[in-house]
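As stored in start.tsv (TSV, C-alpha atoms):
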chain	number	residue	atom	x	y	z
A	1	MET	CA	-120.50	-59.56	0.91
A	2	SER	CA	-122.79	-62.61	0.64
A	3	ILE	CA	-122.72	-65.02	-2.30
A	4	VAL	CA	-126.06	-65.36	-4.08
A	5	ALA	CA	-126.05	-69.18	-3.83
A	6	HIS	CA	-126.08	-68.87	-0.03
A	7	LEU	CA	-129.29	-66.82	0.04
A	8	TYR	CA	-131.76	-68.83	-2.05
A	9	ASN	CA	-132.81	-72.48	-2.07
A	10	PHE	CA	-133.83	-72.67	-5.73
A	11	PHE	CA	-132.95	-70.85	-8.92
A	12	ILE	CA	-135.19	-70.79	-12.01
A	13	GLY	CA	-133.55	-69.85	-15.29
A	14	VAL	CA	-135.80	-68.70	-18.14
A	15	ASP	CA	-134.72	-68.66	-21.79
A	16	THR	CA	-137.27	-66.28	-23.31
A	17	HIS	CA	-138.66	-66.34	-26.86
A	18	ALA	CA	-141.58	-64.79	-28.74
A	19	ARG	CA	-143.89	-67.82	-28.52
A	20	ASN	CA	-142.53	-70.01	-25.72
A	21	HIS	CA	-140.35	-69.64	-22.65
A	22	VAL	CA	-138.16	-72.51	-21.44
A	23	TYR	CA	-137.78	-72.88	-17.67
A	24	THR	CA	-135.13	-74.80	-15.72
A	25	ILE	CA	-135.16	-75.21	-11.93
A	26	ILE	CA	-131.90	-75.94	-10.12
A	27	THR	CA	-130.85	-76.02	-6.47
A	28	ASN	CA	-128.30	-73.66	-4.96
A	29	THR	CA	-125.68	-76.35	-5.56
A	30	GLY	CA	-126.45	-76.52	-9.29
A	31	LEU	CA	-128.45	-79.76	-9.16
A	32	LEU	CA	-131.09	-79.99	-11.91
A	33	VAL	CA	-134.64	-80.27	-10.57
A	34	ALA	CA	-136.86	-79.92	-13.65
A	35	THR	CA	-137.16	-78.36	-17.09
A	36	GLY	CA	-140.34	-77.25	-18.85
A	37	SER	CA	-141.62	-75.16	-21.75
A	38	PHE	CA	-144.76	-73.00	-21.65
A	39	PRO	CA	-146.43	-70.51	-24.02
A	40	THR	CA	-145.89	-66.80	-23.51
A	41	SER	CA	-149.63	-66.14	-23.15
A	42	ARG	CA	-151.14	-65.08	-19.84
A	43	ALA	CA	-152.48	-68.61	-19.32
A	44	GLY	CA	-149.11	-70.10	-20.23
A	45	ILE	CA	-147.28	-67.90	-17.72
A	46	LYS	CA	-149.81	-68.84	-15.02
A	47	ARG	CA	-149.23	-72.53	-15.75
A	48	ALA	CA	-145.46	-71.97	-15.57
A	49	LEU	CA	-145.72	-70.28	-12.16
A	50	ASN	CA	-147.89	-73.11	-10.83
A	51	TRP	CA	-145.48	-75.67	-12.27
A	52	ALA	CA	-142.52	-73.97	-10.61
A	53	GLY	CA	-144.38	-73.62	-7.32
A	54	ARG	CA	-145.14	-77.35	-7.17
A	55	ARG	CA	-141.52	-78.32	-7.84
A	56	THR	CA	-140.10	-75.89	-5.28
A	57	GLY	CA	-142.73	-76.55	-2.63
A	58	GLY	CA	-143.99	-72.98	-2.93
A	59	ASP	CA	-140.69	-71.75	-1.48
A	60	LEU	CA	-140.45	-67.97	-1.91
A	61	ASP	CA	-136.69	-68.25	-1.30
A	62	THR	CA	-136.50	-68.88	-5.02
A	63	LEU	CA	-134.66	-66.54	-7.33
A	64	TRP	CA	-135.94	-66.26	-10.89
A	65	VAL	CA	-133.23	-65.47	-13.43
A	66	VAL	CA	-134.78	-64.20	-16.65
A	67	GLU	CA	-133.08	-63.45	-19.94
A	68	GLY	CA	-134.26	-60.14	-21.42
A	69	THR	CA	-136.30	-58.69	-18.56
A	70	ALA	CA	-136.86	-55.53	-20.64
A	71	SER	CA	-137.73	-57.28	-23.92
A	72	TYR	CA	-139.12	-60.80	-24.48
A	73	GLY	CA	-139.17	-61.43	-20.73
A	74	ALA	CA	-140.80	-58.15	-19.68
A	75	VAL	CA	-144.34	-59.51	-19.25
A	76	LEU	CA	-143.10	-62.61	-17.47
A	77	THR	CA	-140.98	-60.48	-15.13
A	78	GLY	CA	-144.05	-58.51	-14.08
A	79	HIS	CA	-146.03	-61.69	-13.31
A	80	ILE	CA	-143.13	-63.15	-11.31
A	81	ALA	CA	-142.79	-60.00	-9.20
A	82	ALA	CA	-146.57	-59.88	-8.65
A	83	ALA	CA	-146.43	-63.46	-7.36
A	84	GLY	CA	-144.00	-62.40	-4.63
A	85	TYR	CA	-140.79	-63.86	-6.05
A	86	SER	CA	-137.46	-62.11	-6.53
A	87	VAL	CA	-136.43	-61.77	-10.17
A	88	VAL	CA	-133.14	-60.62	-11.73
A	89	GLU	CA	-131.62	-60.30	-15.18
A	90	ALA	CA	-129.43	-63.18	-16.34
A	91	GLY	CA	-125.76	-62.87	-15.46
A	92	ARG	CA	-123.02	-62.55	-18.03
A	93	MET	CA	-122.20	-65.87	-19.69
A	94	ASP	CA	-119.04	-66.88	-21.54
A	95	ALA	CA	-119.86	-68.03	-25.07
A	96	LYS	CA	-116.75	-70.24	-25.05
A	97	ALA	CA	-118.42	-72.46	-22.46
A	98	ARG	CA	-120.67	-73.79	-25.25
A	99	PHE	CA	-117.76	-75.26	-27.19
A	100	GLY	CA	-117.94	-79.04	-27.13
A	101	VAL	CA	-121.26	-78.95	-25.25
A	102	GLY	CA	-123.73	-77.66	-27.81
A	103	LYS	CA	-126.73	-75.38	-27.60
A	104	SER	CA	-130.43	-75.86	-26.94
A	105	ASP	CA	-133.14	-73.94	-25.14
A	106	GLU	CA	-132.93	-76.36	-22.20
A	107	LEU	CA	-129.15	-75.96	-21.94
A	108	ASP	CA	-129.47	-72.19	-22.25
A	109	SER	CA	-132.06	-71.97	-19.48
A	110	TYR	CA	-129.80	-74.06	-17.22
A	111	ARG	CA	-126.85	-71.76	-17.96
A	112	ILE	CA	-129.06	-68.73	-17.22
A	113	ALA	CA	-130.07	-70.14	-13.83
A	114	ALA	CA	-126.47	-71.04	-12.96
A	115	SER	CA	-125.09	-67.69	-14.15
A	116	VAL	CA	-125.82	-65.97	-10.82
A	117	LEU	CA	-124.79	-68.71	-8.35
A	118	ALA	CA	-121.25	-67.46	-7.82
A	119	LEU	CA	-122.05	-63.75	-7.93
A	120	ARG	CA	-121.98	-61.41	-4.97
A	121	THR	CA	-125.33	-59.89	-4.08
A	122	ASP	CA	-124.21	-56.45	-5.23
A	123	GLN	CA	-123.50	-57.89	-8.69
A	124	LEU	CA	-127.10	-58.95	-9.34
A	125	ARG	CA	-128.81	-57.00	-12.12
A	126	TRP	CA	-132.29	-56.17	-10.89
A	127	PRO	CA	-134.80	-55.39	-13.64
A	128	ARG	CA	-136.09	-51.91	-14.26
A	129	GLN	CA	-139.47	-51.03	-12.87
A	130	GLY	CA	-141.94	-51.38	-15.72
A	131	ALA	CA	-145.03	-49.52	-14.53
A	132	GLY	CA	-146.14	-45.93	-14.51
A	133	VAL	CA	-144.28	-42.93	-15.84
A	134	ARG	CA	-141.00	-44.74	-16.52
A	135	GLN	CA	-142.67	-47.27	-18.80
A	136	ALA	CA	-144.53	-44.48	-20.61
A	137	LEU	CA	-141.23	-42.67	-21.14
A	138	ARG	CA	-139.69	-45.84	-22.55
A	139	VAL	CA	-142.50	-46.11	-25.09
A	140	LEU	CA	-142.10	-42.46	-26.13
A	141	LEU	CA	-138.31	-42.77	-26.41
A	142	ALA	CA	-138.61	-45.87	-28.59
A	143	ALA	CA	-141.18	-44.11	-30.79
A	144	ARG	CA	-138.95	-41.03	-31.03
A	145	ASP	CA	-135.98	-43.13	-32.08
A	146	ALA	CA	-138.04	-44.79	-34.83
A	147	MET	CA	-139.42	-41.45	-36.08
A	148	THR	CA	-135.98	-39.83	-36.08
A	149	THR	CA	-134.55	-42.70	-38.09
A	150	GLU	CA	-137.38	-42.48	-40.62
A	151	ARG	CA	-137.05	-38.69	-40.88
A	152	THR	CA	-133.34	-38.98	-41.61
A	153	ARG	CA	-134.04	-41.59	-44.28
A	154	MET	CA	-136.72	-39.41	-45.91
A	155	ILE	CA	-134.46	-36.32	-45.95
A	156	ASN	CA	-131.58	-38.32	-47.43
A	157	SER	CA	-133.87	-39.71	-50.15
A	158	LEU	CA	-135.27	-36.25	-50.91
A	159	THR	CA	-131.79	-34.71	-51.07
A	160	ALA	CA	-130.54	-37.44	-53.40
A	161	LEU	CA	-133.59	-36.97	-55.65
A	162	VAL	CA	-133.31	-33.18	-56.08
A	163	ARG	CA	-129.56	-33.47	-56.67
A	164	THR	CA	-130.04	-36.14	-59.32
A	165	ILE	CA	-132.88	-34.48	-61.25
A	166	ASP	CA	-133.16	-30.74	-61.81
A	167	LEU	CA	-136.43	-29.71	-60.15
A	168	GLY	CA	-135.49	-26.07	-59.64
A	169	ILE	CA	-134.21	-26.37	-56.07
A	170	ASP	CA	-130.65	-25.56	-54.96
A	171	ALA	CA	-129.46	-28.73	-53.20
A	172	ARG	CA	-125.71	-28.11	-53.18
A	173	GLN	CA	-125.94	-27.84	-49.41
A	174	SER	CA	-128.17	-29.76	-47.00
A	175	LEU	CA	-131.83	-28.97	-47.50
A	176	THR	CA	-133.20	-26.37	-45.10
A	177	ASP	CA	-136.61	-26.49	-43.42
A	178	ASP	CA	-137.79	-23.69	-45.69
A	179	GLN	CA	-136.77	-25.65	-48.79
A	180	VAL	CA	-138.59	-28.77	-47.56
A	181	THR	CA	-141.70	-26.68	-46.92
A	182	GLU	CA	-141.42	-25.16	-50.40
A	183	ILE	CA	-141.16	-28.61	-52.02
A	184	ALA	CA	-144.21	-29.84	-50.11
A	185	LYS	CA	-146.25	-26.97	-51.62
A	186	TRP	CA	-145.36	-27.82	-55.21
A	187	ARG	CA	-148.16	-28.69	-57.60
A	188	ALA	CA	-148.20	-30.91	-60.69
A	189	ARG	CA	-146.78	-29.26	-63.81
A	190	ASN	CA	-146.80	-29.97	-67.52
A	191	GLU	CA	-143.40	-31.70	-67.70
A	192	ASP	CA	-141.75	-34.72	-69.22
A	193	ILE	CA	-142.76	-37.98	-67.56
A	194	ASP	CA	-139.39	-38.49	-65.80
A	195	VAL	CA	-139.37	-34.99	-64.31
A	196	SER	CA	-143.06	-35.14	-63.42
A	197	THR	CA	-142.61	-38.47	-61.61
A	198	ALA	CA	-139.58	-37.15	-59.74
A	199	ARG	CA	-141.50	-34.04	-58.68
A	200	ASP	CA	-144.43	-36.12	-57.37
A	201	GLU	CA	-142.02	-38.25	-55.37
A	202	ALA	CA	-140.24	-35.16	-54.00
A	203	ILE	CA	-143.58	-33.75	-52.86
A	204	ARG	CA	-144.45	-37.02	-51.13
A	205	LEU	CA	-141.09	-37.16	-49.33
A	206	ALA	CA	-141.29	-33.52	-48.26
A	207	LYS	CA	-144.80	-33.94	-46.87
A	208	ARG	CA	-143.66	-37.00	-44.94
A	209	VAL	CA	-140.74	-35.05	-43.44
A	210	LEU	CA	-143.10	-32.26	-42.32
A	211	ALA	CA	-145.52	-34.79	-40.81
A	212	LEU	CA	-142.65	-36.41	-38.91
A	213	ASN	CA	-141.55	-32.96	-37.68
A	214	ASP	CA	-145.02	-32.46	-36.19
A	215	ASP	CA	-145.02	-35.96	-34.67
A	216	LEU	CA	-141.56	-35.39	-33.13
A	217	GLN	CA	-142.72	-32.09	-31.63
A	218	ASP	CA	-145.78	-33.78	-30.12
A	219	ASN	CA	-143.49	-36.52	-28.80
A	220	HIS	CA	-141.18	-33.91	-27.24
A	221	ASP	CA	-144.10	-32.11	-25.58
A	222	ARG	CA	-145.39	-35.37	-24.12
A	223	LEU	CA	-141.91	-36.29	-22.91
A	224	ALA	CA	-141.64	-32.92	-21.18
A	225	GLU	CA	-144.99	-33.45	-19.41
A	226	LEU	CA	-144.03	-36.91	-18.16
A	227	VAL	CA	-140.55	-35.87	-17.06
A	228	GLU	CA	-142.07	-33.04	-15.03
A	229	ALA	CA	-144.25	-35.64	-13.29
A	230	SER	CA	-141.33	-37.99	-12.55
A	231	PRO	CA	-138.34	-37.99	-10.17
A	232	ALA	CA	-136.27	-36.89	-13.19
A	233	ALA	CA	-137.81	-33.39	-12.98
A	234	VAL	CA	-134.89	-32.28	-10.79
A	235	LEU	CA	-132.50	-32.94	-13.68
A	236	LEU	CA	-134.08	-30.17	-15.76
A	237	ALA	CA	-132.41	-27.60	-13.48
A	238	GLU	CA	-129.02	-28.89	-14.62
A	239	PRO	CA	-127.34	-26.91	-17.45
A	240	GLY	CA	-127.82	-28.53	-20.84
A	241	ILE	CA	-130.28	-31.23	-19.71
A	242	GLY	CA	-133.62	-31.09	-21.50
A	243	PRO	CA	-136.66	-33.37	-21.40
A	244	PHE	CA	-135.17	-35.92	-23.80
A	245	SER	CA	-131.85	-36.30	-21.96
A	246	ALA	CA	-133.62	-36.38	-18.59
A	247	ALA	CA	-135.99	-39.10	-19.84
A	248	VAL	CA	-133.11	-41.23	-21.10
A	249	CYS	CA	-131.22	-40.89	-17.80
A	250	PHE	CA	-134.33	-41.69	-15.77
A	251	THR	CA	-135.30	-44.80	-17.75
A	252	ALA	CA	-131.74	-46.13	-17.50
A	253	TRP	CA	-131.56	-45.44	-13.75
A	254	SER	CA	-135.12	-46.74	-13.18
A	255	HIS	CA	-135.35	-46.77	-9.37
A	256	PRO	CA	-133.21	-46.65	-6.21
A	257	GLY	CA	-131.20	-49.84	-5.85
A	258	ARG	CA	-131.18	-50.93	-9.48
A	259	VAL	CA	-127.67	-49.50	-9.97
A	260	ARG	CA	-125.56	-50.00	-6.89
A	261	ASN	CA	-123.45	-46.81	-7.01
A	262	ALA	CA	-122.35	-43.87	-9.14
A	263	ALA	CA	-119.39	-45.76	-10.59
A	264	ALA	CA	-121.71	-48.56	-11.77
A	265	PHE	CA	-124.00	-45.99	-13.41
A	266	ALA	CA	-121.01	-44.49	-15.23
A	267	ALA	CA	-120.12	-48.00	-16.44
A	268	LEU	CA	-123.72	-48.54	-17.54
A	269	ALA	CA	-123.44	-45.34	-19.59
A	270	GLY	CA	-120.12	-46.44	-21.08
A	271	VAL	CA	-118.28	-43.36	-19.77
A	272	ASN	CA	-116.15	-44.97	-17.08
A	273	PRO	CA	-112.37	-44.73	-17.62
A	274	ILE	CA	-110.75	-47.87	-19.03
A	275	PRO	CA	-106.95	-48.24	-18.60
A	276	ALA	CA	-105.10	-48.03	-21.91
A	277	SER	CA	-101.51	-47.70	-20.71
A	278	SER	CA	-98.42	-49.19	-22.25
A	279	GLY	CA	-94.76	-48.66	-21.45
A	280	ASN	CA	-94.15	-45.04	-20.54
A	281	THR	CA	-97.64	-44.01	-21.66
A	282	HIS	CA	-100.22	-43.80	-18.91
A	283	ARG	CA	-103.74	-42.94	-20.03
A	284	HIS	CA	-107.37	-44.04	-20.08
A	285	ARG	CA	-109.59	-44.44	-23.12
A	286	LEU	CA	-113.28	-44.24	-23.96
A	287	ASN	CA	-115.49	-47.17	-23.03
A	288	ARG	CA	-117.25	-48.35	-26.18
A	289	GLY	CA	-119.72	-50.54	-24.29
A	290	GLY	CA	-122.69	-49.78	-22.06
A	291	ASP	CA	-126.06	-48.24	-22.88
A	292	ARG	CA	-125.35	-46.31	-26.08
A	293	GLN	CA	-128.57	-44.27	-25.91
A	294	LEU	CA	-127.61	-43.09	-22.41
A	295	ASN	CA	-124.07	-42.41	-23.60
A	296	ARG	CA	-125.41	-40.38	-26.53
A	297	ALA	CA	-127.65	-38.34	-24.23
A	298	LEU	CA	-124.72	-37.49	-21.94
A	299	HIS	CA	-122.61	-36.60	-24.97
A	300	THR	CA	-125.33	-34.21	-26.18
A	301	VAL	CA	-125.48	-32.51	-22.77
A	302	ILE	CA	-121.70	-32.08	-22.59
A	303	THR	CA	-121.54	-30.71	-26.15
A	304	ASN	CA	-124.25	-28.19	-25.22
A	305	ARG	CA	-122.39	-27.21	-22.05
A	306	MET	CA	-119.10	-26.71	-23.91
A	307	ILE	CA	-120.89	-24.07	-26.00
A	308	HIS	CA	-123.32	-22.41	-23.58
A	309	ASP	CA	-122.27	-23.16	-19.97
A	310	GLU	CA	-119.74	-20.68	-18.58
A	311	ARG	CA	-118.23	-23.06	-16.01
A	312	THR	CA	-117.71	-25.77	-18.62
A	313	ARG	CA	-116.21	-23.29	-21.09
A	314	ASP	CA	-113.75	-22.08	-18.45
A	315	TYR	CA	-112.77	-25.65	-17.62
A	316	VAL	CA	-112.27	-26.51	-21.30
A	317	ALA	CA	-110.17	-23.37	-21.87
A	318	GLN	CA	-107.99	-24.24	-18.89
A	319	ARG	CA	-107.41	-27.81	-20.02
A	320	PHE	CA	-106.88	-26.93	-23.69
A	321	GLY	CA	-104.19	-24.53	-22.64
A	322	GLU	CA	-102.19	-27.57	-21.58
A	323	ASP	CA	-102.63	-29.66	-24.77
A	324	PRO	CA	-104.80	-28.23	-27.57
A	325	THR	CA	-104.99	-31.41	-29.65
A	326	LYS	CA	-107.95	-33.37	-30.99
A	327	LYS	CA	-106.87	-36.33	-28.89
A	328	SER	CA	-107.03	-34.28	-25.70
A	329	LYS	CA	-110.48	-32.98	-26.71
A	330	ARG	CA	-111.84	-36.53	-26.88
A	331	GLU	CA	-110.25	-37.29	-23.52
A	332	LEU	CA	-111.73	-34.11	-22.07
A	333	LYS	CA	-115.24	-35.00	-23.26
A	334	ARG	CA	-114.84	-38.46	-21.74
A	335	LYS	CA	-113.94	-36.94	-18.36
A	336	LEU	CA	-116.85	-34.51	-18.52
A	337	LYS	CA	-119.32	-37.29	-19.39
A	338	TRP	CA	-117.92	-39.40	-16.54
A	339	TYR	CA	-118.45	-36.51	-14.12
A	340	LEU	CA	-121.96	-35.86	-15.46
A	341	ALA	CA	-123.03	-39.51	-15.19
A	342	ARG	CA	-121.96	-39.66	-11.54
A	343	ARG	CA	-123.73	-36.38	-10.76
A	344	VAL	CA	-126.94	-37.54	-12.48
A	345	PHE	CA	-126.88	-40.73	-10.42
A	346	ARG	CA	-126.44	-38.81	-7.15
A	347	ILE	CA	-129.26	-36.40	-8.02
A	348	LEU	CA	-131.70	-39.18	-8.92
A	349	ASN	CA	-130.88	-41.00	-5.70
A	350	GLY	CA	-131.40	-37.83	-3.66
A	351	LEU	CA	-127.74	-37.77	-2.58
A	352	GLU	CA	-127.12	-34.40	-4.21
A	353	THR	CA	-129.39	-31.44	-4.79
A	354	SER	CA	-129.64	-29.96	-8.25
A	355	PRO	CA	-129.29	-26.15	-8.29
A	356	ALA	CA	-132.43	-24.11	-8.79
A	357	PRO	CA	-132.86	-22.85	-12.36
A	358	ALA	CA	-131.77	-19.24	-12.94

Represent the structure contained in this file as structure tokens.
Amino acid sequence: MSIVAHLYNFFIGVDTHARNHVYTIITNTGLLVATGSFPTSRAGIKRALNWAGRRTGGDLDTLWVVEGTASYGAVLTGHIAAAGYSVVEAGRMDAKARFGVGKSDELDSYRIAASVLALRTDQLRWPRQGAGVRQALRVLLAARDAMTTERTRMINSLTALVRTIDLGIDARQSLTDDQVTEIAKWRARNEDIDVSTARDEAIRLAKRVLALNDDLQDNHDRLAELVEASPAAVLLAEPGIGPFSAAVCFTAWSHPGRVRNAAAFAALAGVNPIPASSGNTHRHRLNRGGDRQLNRALHTVITNRMIHDERTRDYVAQRFGEDPTKKSKRELKRKLKWYLARRVFRILNGLETSPAPA
């Protein structure tokens, strides 16, 4: 396997920020060529590309290494790719290397450029494709996450309010949808000022919850439409995978070649087995790293399958016959998520055919 430093003449590290990006050009031996700072505007990015082209002689055998290709560096990444250059995400950097050296944007951009020199080519982290359906799904997923968080906060506030002040609603258990709808239909009454104020606030919270319910349903419908129009449509034939889970898997996978193999995708999802053996105990534990949204989506699918999918239920019954403990249940879910992540990767890459829906 080739070393990255052997394949490119120049490396450009970019430390990205909201207003300015800092660029550092080095050779494949780590020699500093130039450092510059440019605004994040369209004109600023164009100036940065021209600046880099002059100092590298217009050599397209230049690898751009950008920090945050999916966040602050997303726009820049698109311009770099459009200009014909190769661009990758910054490699992993050891924070201990800063001790005794210090920190600045210029030093950070140099470290970013140098972070890929010693890597093998299969270790490069290519950015996700940002155009078309995948980008639209990313926007919808981010919006859904924000709306879900707000809805939870509103329900918690409403529950706390009706439990604190007697407004005539039974809140000993979690509020049901019918109770929220009932609260939203309340009208002003002739009550003491404290109760009247609390009732007005309860009505406001309930109406906001109902509005968010409608927004989340619209978001789900739009997600379903886009997933059907994407390569992730084949995932919908898999038991337990709905539009939301399929969208999360697709946006994480992005395109063929971004993740090198099924094992790497499992690691990205944080479901790969990590050795946790000691002495006479030989076991693996859950990986608490990786893409937590992808991990959560896989967990939701497996939980659904353990309830509704006959094959999964049979497998769980067989394994729980050996050791029906809570610890073994966590281990079992980890194994099932690991299997699912590898299968999702193979389906998206066309290496495995998803069964036709019943």

Min atom-atom distance to Arg204 of chain A from the set A:Ser157, A:Asn287, A:Thr152, A:Ser115, counting all atoms listed in the file, belongs to A:Ser157

How many Å separate atom CA of Gln135 of chain A from atom CA of Ser254 of chain A?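 So the answer is 9.4 Å.
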
Would you please work out which residue, of A:Ala142, A:Ile12, A:Ala246, A:Leu205, is nearest to Glu228 of chain A when using all atoms listed in the file? A:Ala246

Neighbouring residues of Pro243 of chain A were defined as those with any atom within 9 Å, considering all atoms listed in the file; residues of the same chain fewer than 6 positions away were excluded. Please report them as a PyMOL selection string. chain A and resi 220-221+223-228+232-233+235-236

Fewer than 2 positions away in the same chain doesn't count, so skip those; otherwise give me all residues within 12 Å of Gly53 of chain A, counting all atoms listed in the file, as a list of chain:residue names. A:Phe10, A:Phe11, A:Ile12, A:Ile25, A:Ala34, A:Lys46, A:Arg47, A:Ala48, A:Leu49, A:Asn50, A:Trp51, A:Arg55, A:Thr56, A:Gly57, A:Gly58, A:Asp59, A:Leu60, A:Asp61, A:Thr62, A:Trp64, A:Ile80, A:Ala83, A:Gly84, A:Tyr85

Please list, as a PDB file with C-alpha atoms, in the frame of the given file, the residues that have an atom at most 9 Å away from (-132.3, -73.0, -11.1) in the coordinates of this file, counting all atoms listed in the file.
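The result, stored in result-v4.pdb:
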ATOM      1  CA  PHE A  10    -133.830 -72.670  -5.730  1.00  0.00           C
ATOM      2  CA  PHE A  11    -132.950 -70.850  -8.920  1.00  0.00           C
ATOM      3  CA  ILE A  12    -135.190 -70.790 -12.010  1.00  0.00           C
ATOM      4  CA  GLY A  13    -133.550 -69.850 -15.290  1.00  0.00           C
ATOM      5  CA  VAL A  14    -135.800 -68.700 -18.140  1.00  0.00           C
ATOM      6  CA  TYR A  23    -137.780 -72.880 -17.670  1.00  0.00           C
ATOM      7  CA  THR A  24    -135.130 -74.800 -15.720  1.00  0.00           C
ATOM      8  CA  ILE A  25    -135.160 -75.210 -11.930  1.00  0.00           C
ATOM      9  CA  ILE A  26    -131.900 -75.940 -10.120  1.00  0.00           C
ATOM     10  CA  THR A  27    -130.850 -76.020  -6.470  1.00  0.00           C
ATOM     11  CA  ASN A  28    -128.300 -73.660  -4.960  1.00  0.00           C
ATOM     12  CA  GLY A  30    -126.450 -76.520  -9.290  1.00  0.00           C
ATOM     13  CA  LEU A  31    -128.450 -79.760  -9.160  1.00  0.00           C
ATOM     14  CA  LEU A  32    -131.090 -79.990 -11.910  1.00  0.00           C
ATOM     15  CA  VAL A  33    -134.640 -80.270 -10.570  1.00  0.00           C
ATOM     16  CA  ALA A  34    -136.860 -79.920 -13.650  1.00  0.00           C
ATOM     17  CA  THR A  62    -136.500 -68.880  -5.020  1.00  0.00           C
ATOM     18  CA  LEU A  63    -134.660 -66.540  -7.330  1.00  0.00           C
ATOM     19  CA  TRP A  64    -135.940 -66.260 -10.890  1.00  0.00           C
ATOM     20  CA  VAL A  65    -133.230 -65.470 -13.430  1.00  0.00           C
ATOM     21  CA  SER A 109    -132.060 -71.970 -19.480  1.00  0.00           C
ATOM     22  CA  TYR A 110    -129.800 -74.060 -17.220  1.00  0.00           C
ATOM     23  CA  ARG A 111    -126.850 -71.760 -17.960  1.00  0.00           C
ATOM     24  CA  ILE A 112    -129.060 -68.730 -17.220  1.00  0.00           C
ATOM     25  CA  ALA A 113    -130.070 -70.140 -13.830  1.00  0.00           C
ATOM     26  CA  ALA A 114    -126.470 -71.040 -12.960  1.00  0.00           C
TER      27      ALA A 114
END

Of A:Val316, A:Val22, A:Val301, A:Ile241, the one nearest to Thr35 of chain A when counting all atoms listed in the file is A:Val22

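If you look at atom CA of Lys335 of chain A and atom CA of Gly290 of chain A, they are 16.0 Å away from each other.
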
Report, in Å with one decimal, the straight-line distance from atom CA of Arg334 of chain A to atom CA of Ala269 of chain A. 11.2 Å

For a quick check of understanding, using all atoms listed in the file, which of A:Thr303, A:Thr251, A:Thr312, A:Leu340 has the smallest distance to Ala263 of chain A?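 Checking each candidate against Ala263 of chain A, we get A:Leu340 as the closest.
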
Within 12 Å of Val180 of chain A, counting all atoms listed in the file, which residues show up once you throw out same-chain ones fewer than 6 positions away? Write them as an MDAnalysis selection string, please. chainID A and resid 154:156 158:159 162 169:171 174 186 202:211 213

List the spatial neighbours of Tyr315 of chain A as an MDAnalysis selection string - criterion: any atom at most 12 Å away, only C-alpha atoms, same-chain residues fewer than 4 positions off excluded. chainID A and resid 305:307 309:311 319:322 329 332:333 335:336

Nearest residue to Gln173 of chain A from the set A:Ala160, A:Asn190, A:Ala18, A:Gln217 (distances using only C-alpha atoms): A:Ala160

Nearest to Ile347 of chain A: which of A:Asn261, A:Thr300, A:Thr181, A:Thr164 is it, counting only C-alpha atoms?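 Once distances to Ile347 of chain A are computed over only C-alpha atoms, the minimum belongs to A:Asn261.
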
Nearby residues (all atoms listed in the file) at most 10 Å from Ala188 of chain A, same-chain spacing under 6 positions excluded, as a PyMOL selection string: chain A and resi 196-197+199-200+203
